[in-house]
Every structure is written in structure tokens, then in C-alpha cells.
file run24.txt (compact mmCIF, C-alpha atoms)
# COMPACT_ATOMS: atom_id res chain seq x y z
CA MET A 207 109.86 83.37 80.48
CA PHE A 208 109.23 81.52 83.73
CA ARG A 209 106.86 79.08 81.96
CA LEU A 210 109.47 78.30 79.31
CA GLY A 211 112.08 77.59 81.98
CA LEU A 212 109.63 75.42 83.90
CA ALA A 213 108.69 73.51 80.76
CA LEU A 214 112.36 72.89 79.93
CA ALA A 215 113.02 71.71 83.48
CA ILE A 216 110.08 69.29 83.34
CA VAL A 217 111.21 67.91 79.97
CA PHE A 218 114.77 67.50 81.28
CA VAL A 219 113.59 65.61 84.39
CA LEU A 220 111.25 63.42 82.30
CA GLN A 221 114.06 62.59 79.87
CA ALA A 222 116.39 61.70 82.75
CA LEU A 223 113.73 59.47 84.30
CA LEU A 224 112.97 57.65 81.05
CA SER A 225 116.69 57.22 80.31
CA SER A 226 117.30 55.72 83.75
CA ILE A 227 114.45 53.26 83.15
CA GLN A 228 116.07 52.27 79.84
CA MET A 229 119.48 51.83 81.51
CA LYS A 230 117.91 49.67 84.23
CA HIS A 231 116.26 47.48 81.57
CA PHE A 232 119.58 47.12 79.72
CA SER A 233 121.42 46.30 82.95
CA ASN A 234 118.90 43.60 83.83
CA GLU A 235 119.24 42.02 80.39
CA PHE A 236 123.04 42.14 80.62
CA ILE A 237 122.96 40.52 84.08
CA LYS A 238 120.70 37.73 82.76
CA LEU A 239 123.24 36.94 80.03
CA ARG A 240 126.22 37.35 82.34
CA ARG A 241 124.83 34.77 84.77
CA GLN A 242 124.89 32.24 81.93
CA GLY A 243 128.53 32.84 80.93
CA ARG A 244 130.89 35.26 79.21
CA VAL A 245 129.39 38.20 77.35
CA ALA A 246 130.97 40.30 74.63
CA CYS A 247 129.50 43.74 73.98
CA GLY A 248 129.84 46.14 71.09
CA ARG A 249 128.47 49.62 70.75
CA LYS A 250 128.16 52.47 68.34
CA SER A 251 126.62 55.76 69.37
CA GLY A 252 124.28 57.35 66.92
CA GLY A 253 124.18 61.04 67.72
CA PHE A 254 121.15 62.11 65.70
CA HIS A 255 120.84 58.63 64.17
CA ALA A 256 119.89 55.34 65.82
CA GLY A 257 122.65 54.07 68.09
CA ALA A 258 123.21 50.39 68.80
CA ILE A 259 124.52 48.08 71.50
CA VAL A 260 124.93 44.33 70.94
CA MET A 261 125.55 41.59 73.48
CA PHE A 262 126.78 38.11 72.61
CA LEU A 263 126.64 35.27 75.12
CA LEU A 264 129.70 33.10 74.42
CA ASP A 265 130.71 29.56 75.23
CA GLU A 266 134.22 28.76 76.50
CA LYS A 267 135.64 28.63 72.93
CA GLY A 268 134.18 31.95 71.76
CA TYR A 269 131.17 30.62 69.86
CA ILE A 270 127.98 32.64 70.16
CA ARG A 271 125.17 30.95 72.10
CA GLU A 272 122.77 33.89 72.18
CA SER A 273 122.72 37.44 70.84
CA ARG A 274 120.73 40.54 71.72
CA LYS A 275 120.59 44.13 70.57
CA LEU A 276 119.48 47.52 71.80
CA GLU A 277 119.00 50.01 69.00
CA GLY A 278 117.09 53.21 68.55
CA ILE A 279 117.06 56.95 68.88
CA THR A 280 114.73 57.39 71.82
CA CYS A 281 114.71 56.23 75.41
CA PHE A 282 111.82 53.90 74.52
CA ALA A 283 114.14 51.40 72.75
CA ARG A 284 114.35 47.99 74.46
CA VAL A 285 116.66 44.98 74.28
CA LYS A 286 115.53 42.49 71.63
CA PRO A 287 116.91 39.23 70.23
CA LEU A 288 119.42 39.51 67.39
CA PRO A 289 118.91 36.44 65.17
CA GLY A 290 121.44 34.83 62.86
CA PHE A 291 124.56 34.66 65.03
CA THR A 292 124.10 31.48 67.07
CA GLY A 293 126.96 29.06 66.41
CA LYS A 294 129.30 31.61 64.81
CA HIS A 295 132.70 32.39 66.31
CA ILE A 296 132.76 35.96 67.53
CA GLY A 297 136.41 36.49 66.67
CA SER A 298 135.81 35.80 62.99
CA LEU A 299 132.75 38.00 62.42
CA GLY A 300 133.17 40.27 59.42
CA GLN A 301 131.23 42.32 56.89
CA ALA A 302 129.86 39.18 55.25
CA ASP A 303 128.25 38.07 58.53
CA LEU A 304 126.30 41.30 59.05
CA PRO A 305 122.56 41.14 58.51
CA ARG A 306 120.77 43.72 56.40
CA CYS A 307 120.56 46.42 59.03
CA HIS A 308 121.35 50.03 59.65
CA LYS A 309 124.99 51.08 59.64
CA ASN A 310 125.41 51.58 63.39
CA LEU A 311 124.12 48.10 64.26
CA GLY A 312 126.69 46.61 61.88
CA LYS A 313 129.44 48.74 63.42
CA ALA A 314 128.40 47.62 66.92
CA ILE A 315 128.62 43.95 65.85
CA LEU A 316 132.10 44.50 64.40
CA ASP A 317 133.07 46.41 67.57
CA ALA A 318 132.11 43.39 69.69
CA SER A 319 134.26 41.13 67.50
CA ASN A 320 137.18 43.57 67.60
CA THR A 321 136.92 43.97 71.38
CA TYR A 322 136.86 40.20 71.85
CA ASN A 323 139.95 39.77 69.65
CA LYS A 324 141.82 42.46 71.59
CA PHE A 325 140.83 40.88 74.90
CA ILE A 326 142.05 37.43 73.80
CA ALA A 327 145.33 38.95 72.54
CA GLY A 328 145.82 40.77 75.86
CA GLU A 329 145.71 44.23 74.28
CA GLU A 330 144.34 47.29 76.01
CA ILE A 331 140.73 48.04 75.09
CA VAL A 332 140.49 51.80 74.62
CA GLN A 333 137.12 53.36 75.36
CA PRO A 334 135.92 55.84 72.74
CA PRO A 335 135.52 59.42 73.95
CA SER A 336 132.13 60.51 75.22
CA PRO A 337 130.24 63.30 73.45
CA PHE A 338 131.31 65.69 76.21
CA GLN A 339 134.98 64.70 75.78
CA ARG A 340 134.72 65.22 72.00
CA ALA A 341 133.12 68.63 72.51
CA GLY A 342 135.81 69.58 75.04
CA SER A 343 138.57 68.52 72.66
CA SER A 344 137.02 70.56 69.86
CA LEU A 345 136.77 73.64 72.06
CA ALA A 346 140.33 73.18 73.29
CA GLY A 347 141.52 72.96 69.69
CA ILE A 348 139.73 76.19 68.81
CA PHE A 349 141.25 78.03 71.77
CA GLN A 350 144.74 76.68 71.03
CA LYS A 351 144.43 77.81 67.42
CA LYS A 352 143.45 81.32 68.51
CA ALA A 353 146.31 81.43 71.03
CA LYS A 354 148.82 80.52 68.30
CA GLU A 355 147.43 83.22 66.00
CA ASN A 356 147.91 85.90 68.69

call {"tool": "encode", "arguments": {"input": "run24.txt", "output": "C-alpha cells"}}
result
Amino acid sequence: MFRLGLALAIVFVLQALLSSIQMKHFSNEFIKLRRQGRVACGRKSGGFHAGAIVMFLLDEKGYIRESRKLEGITCFARVKPLPGFTGKHIGSLGQADLPRCHKNLGKAILDASNTYNKFIAGEEIVQPPSPFQRAGSSLAGIFQKKAKEN
């Protein structure tokens, strides 16, 4: 039993270390883009599927100068170029502009466009709930249902 606990602890620490390395890499790439101008980001978590984050470097009128993506399931995913968006206006991106890609990358691209449009309109940009918040809400709903039944 002790060996199983030790193995789980080692795996947990290794996963945390590798995830922090991935976050550092992403932060460095974001900072590189941010130093060149405005950056719009979009994200879509994947759960058990590949998640995606996109970053668009924008000029002063909202046209995309450079685009990058981070997609994958594991902590070994790295930021890579996202071709095909240079010269397009971020506020007008739609389904027709999406490359042939997995669903979450397309949703992240549309999220970046939607976030940009809300920012320009002065609307509040609501952050989606984290997995822990979703789990907490589900548990709260279960307990409230049981309380009403009693």
C-alpha cells in the first residue's frame, strides 16, 4: 500500500512539474507577442479530448498580423504557428474561416473573435467556470435536490 501511495505521489509531482514547464513556455510565447502589440486569445478546454488556446497578434485596426496555437491532451504540447489567418479581421471570423481542424481548435478561434467583439463593444467578458467550479456546482445541485425531497 505504501508503494502505491509513493508511486501516486511521484506521478502527481512529475505531472505538476511538467505542467509548470508548459505554462512557462506558453507565458513566454504570449509575452513575445504582447511586446509586439495587442493580442487576442481564445480557449476551449478539452477534458478528455485535446484542448486548444489560440493567440492572435493584432494591428491597431483589428487585423491579424500573426497567429499561434497551443493544442493537445498532454503537458508535452507546445505553442506552434497557426497558418491562414494573417490579414483577416478578427472581429469577422466565422465558421467559414476555420481551417480543417479538430472541434476545440475551431471553438477557441471563435472564442477569440467573440472576446474581441465584446471588448470593442465594452461588454463584460465572463470567464467560463473551471472544472472545479463545475464539479462544485454539480455537487451543490445534488445536495439541494436531496434537501428538497426531504

call {"tool": "atom_distance", "arguments": {"input": "run24.txt", "atom1": "CA of Ile296 in chain A", "atom2": "CA of Asn310 in chain A"}}
result
17.8 Å

call {"tool": "axis_aligned_box", "arguments": {"input": "run24.txt", "around": "range 268-282 of chain A", "padding_each_side": "8 Å", "output": "lines of an AutoDock Vina configuration file"}}
result
center_x = 123.0
center_y = 44.0
center_z = 72.0
size_x = 38.4
size_y = 42.8
size_z = 22.9

call {"tool": "closest_residue", "arguments": {"input": "run24.txt", "among": "A:Arg306, A:Lys324, A:Arg241, A:Lys313", "to": "Gly257 in chain A", "atoms": "all atoms listed in the file"}}
result
A:Lys313

call {"tool": "atom_distance", "arguments": {"input": "run24.txt", "atom1": "CA of Phe282 in chain A", "atom2": "CA of Lys230 in chain A"}}
result
12.2 Å

call {"tool": "closest_residue", "arguments": {"input": "run24.txt", "among": "A:Pro289, A:Gly248, A:Ala283, A:Ala256", "to": "Asn320 in chain A", "atoms": "all atoms listed in the file"}}
result
A:Gly248

call {"tool": "closest_residue", "arguments": {"input": "run24.txt", "among": "A:Ser319, A:Ile259, A:Tyr269, A:Gln228", "to": "Gly243 in chain A", "atoms": "all atoms listed in the file"}}
result
A:Tyr269

call {"tool": "closest_residue", "arguments": {"input": "run24.txt", "among": "A:Ile315, A:Val332, A:Ile326, A:Cys281", "to": "Leu224 in chain A", "atoms": "only C-alpha atoms"}}
result
A:Cys281

call {"tool": "residues_around", "arguments": {"input": "run24.txt", "residues": "Ala318 in chain A", "least_positions_apart": "2", "cutoff": "9 Å", "atoms": "all atoms listed in the file", "output": "PDB file with C-alpha atoms, in the frame of the given file"}}
result
ATOM      1  CA  ALA A 246     130.970  40.300  74.630  1.00  0.00           C
ATOM      2  CA  CYS A 247     129.500  43.740  73.980  1.00  0.00           C
ATOM      3  CA  GLY A 248     129.840  46.140  71.090  1.00  0.00           C
ATOM      4  CA  ARG A 249     128.470  49.620  70.750  1.00  0.00           C
ATOM      5  CA  VAL A 260     124.930  44.330  70.940  1.00  0.00           C
ATOM      6  CA  MET A 261     125.550  41.590  73.480  1.00  0.00           C
ATOM      7  CA  PHE A 262     126.780  38.110  72.610  1.00  0.00           C
ATOM      8  CA  ILE A 296     132.760  35.960  67.530  1.00  0.00           C
ATOM      9  CA  GLY A 297     136.410  36.490  66.670  1.00  0.00           C
ATOM     10  CA  LYS A 313     129.440  48.740  63.420  1.00  0.00           C
ATOM     11  CA  ALA A 314     128.400  47.620  66.920  1.00  0.00           C
ATOM     12  CA  ILE A 315     128.620  43.950  65.850  1.00  0.00           C
ATOM     13  CA  LEU A 316     132.100  44.500  64.400  1.00  0.00           C
ATOM     14  CA  ASN A 320     137.180  43.570  67.600  1.00  0.00           C
ATOM     15  CA  THR A 321     136.920  43.970  71.380  1.00  0.00           C
ATOM     16  CA  TYR A 322     136.860  40.200  71.850  1.00  0.00           C
ATOM     17  CA  ASN A 323     139.950  39.770  69.650  1.00  0.00           C
TER      18      ASN A 323
END

call {"tool": "closest_residue", "arguments": {"input": "run24.txt", "among": "A:Leu311, A:Ala222, A:Val217, A:Ala346", "to": "His255 in chain A", "atoms": "only C-alpha atoms"}}
result
A:Leu311

call {"tool": "atom_distance", "arguments": {"input": "run24.txt", "atom1": "CA of Phe232 in chain A", "atom2": "CA of Arg244 in chain A"}}
result
16.4 Å

call {"tool": "residues_near_point", "arguments": {"input": "run24.txt", "point": "(129.2, 31.7, 74.2)", "cutoff": "10 Å", "atoms": "only C-alpha atoms", "output": "list in words"}}
result
Leu239, Gln242, Gly243, Arg244, Val245, Ala246, Phe262, Leu263, Leu264, Asp265, Glu266, Lys267, Gly268, Tyr269, Ile270, Arg271, Glu272, Ser273, Thr292, Gly293, Lys294, His295 and Ile296 of chain A

call {"tool": "closest_residue", "arguments": {"input": "run24.txt", "among": "A:Ser226, A:Phe254, A:Leu304, A:Gly278", "to": "Gly290 in chain A", "atoms": "only C-alpha atoms"}}
result
A:Leu304

call {"tool": "build_atoms", "arguments": {"input": "run24.txt", "residues": "range 234-246 of chain A", "atoms": "N, CA, C and O atoms", "output": "compact mmCIF listing (two decimals), keeping the file's coordinate frame"}}
result
# COMPACT_ATOMS: atom_id res chain seq x y z
N ASN A 234 119.54 44.88 83.48
CA ASN A 234 118.90 43.60 83.83
C ASN A 234 119.12 42.56 82.75
O ASN A 234 119.40 41.39 83.06
N GLU A 235 119.01 42.95 81.49
CA GLU A 235 119.24 42.02 80.39
C GLU A 235 120.70 41.57 80.35
O GLU A 235 120.98 40.39 80.11
N PHE A 236 121.62 42.49 80.59
CA PHE A 236 123.04 42.14 80.62
C PHE A 236 123.32 41.15 81.75
O PHE A 236 124.04 40.17 81.57
N ILE A 237 122.76 41.40 82.92
CA ILE A 237 122.96 40.52 84.08
C ILE A 237 122.42 39.13 83.78
O ILE A 237 123.05 38.12 84.14
N LYS A 238 121.26 39.04 83.13
CA LYS A 238 120.70 37.73 82.76
C LYS A 238 121.68 36.94 81.89
O LYS A 238 121.89 35.75 82.11
N LEU A 239 122.26 37.61 80.90
CA LEU A 239 123.24 36.94 80.03
C LEU A 239 124.50 36.60 80.81
O LEU A 239 125.06 35.51 80.67
N ARG A 240 124.97 37.54 81.61
CA ARG A 240 126.22 37.35 82.34
C ARG A 240 126.15 36.17 83.30
O ARG A 240 127.14 35.49 83.53
N ARG A 241 124.99 35.91 83.86
CA ARG A 241 124.83 34.77 84.77
C ARG A 241 124.95 33.44 84.04
O ARG A 241 125.22 32.41 84.67
N GLN A 242 124.79 33.47 82.72
CA GLN A 242 124.89 32.24 81.93
C GLN A 242 126.30 31.99 81.40
O GLN A 242 126.60 30.91 80.92
N GLY A 243 127.16 33.01 81.43
CA GLY A 243 128.53 32.84 80.93
C GLY A 243 129.15 34.16 80.52
O GLY A 243 128.71 35.23 80.92
N ARG A 244 130.18 34.06 79.67
CA ARG A 244 130.89 35.26 79.21
C ARG A 244 130.04 36.02 78.21
O ARG A 244 129.34 35.43 77.39
N VAL A 245 130.16 37.35 78.26
CA VAL A 245 129.39 38.20 77.35
C VAL A 245 130.34 39.19 76.69
O VAL A 245 131.16 39.82 77.35
N ALA A 246 130.22 39.30 75.38
CA ALA A 246 130.97 40.30 74.63
C ALA A 246 129.98 41.37 74.18
O ALA A 246 128.89 41.05 73.72
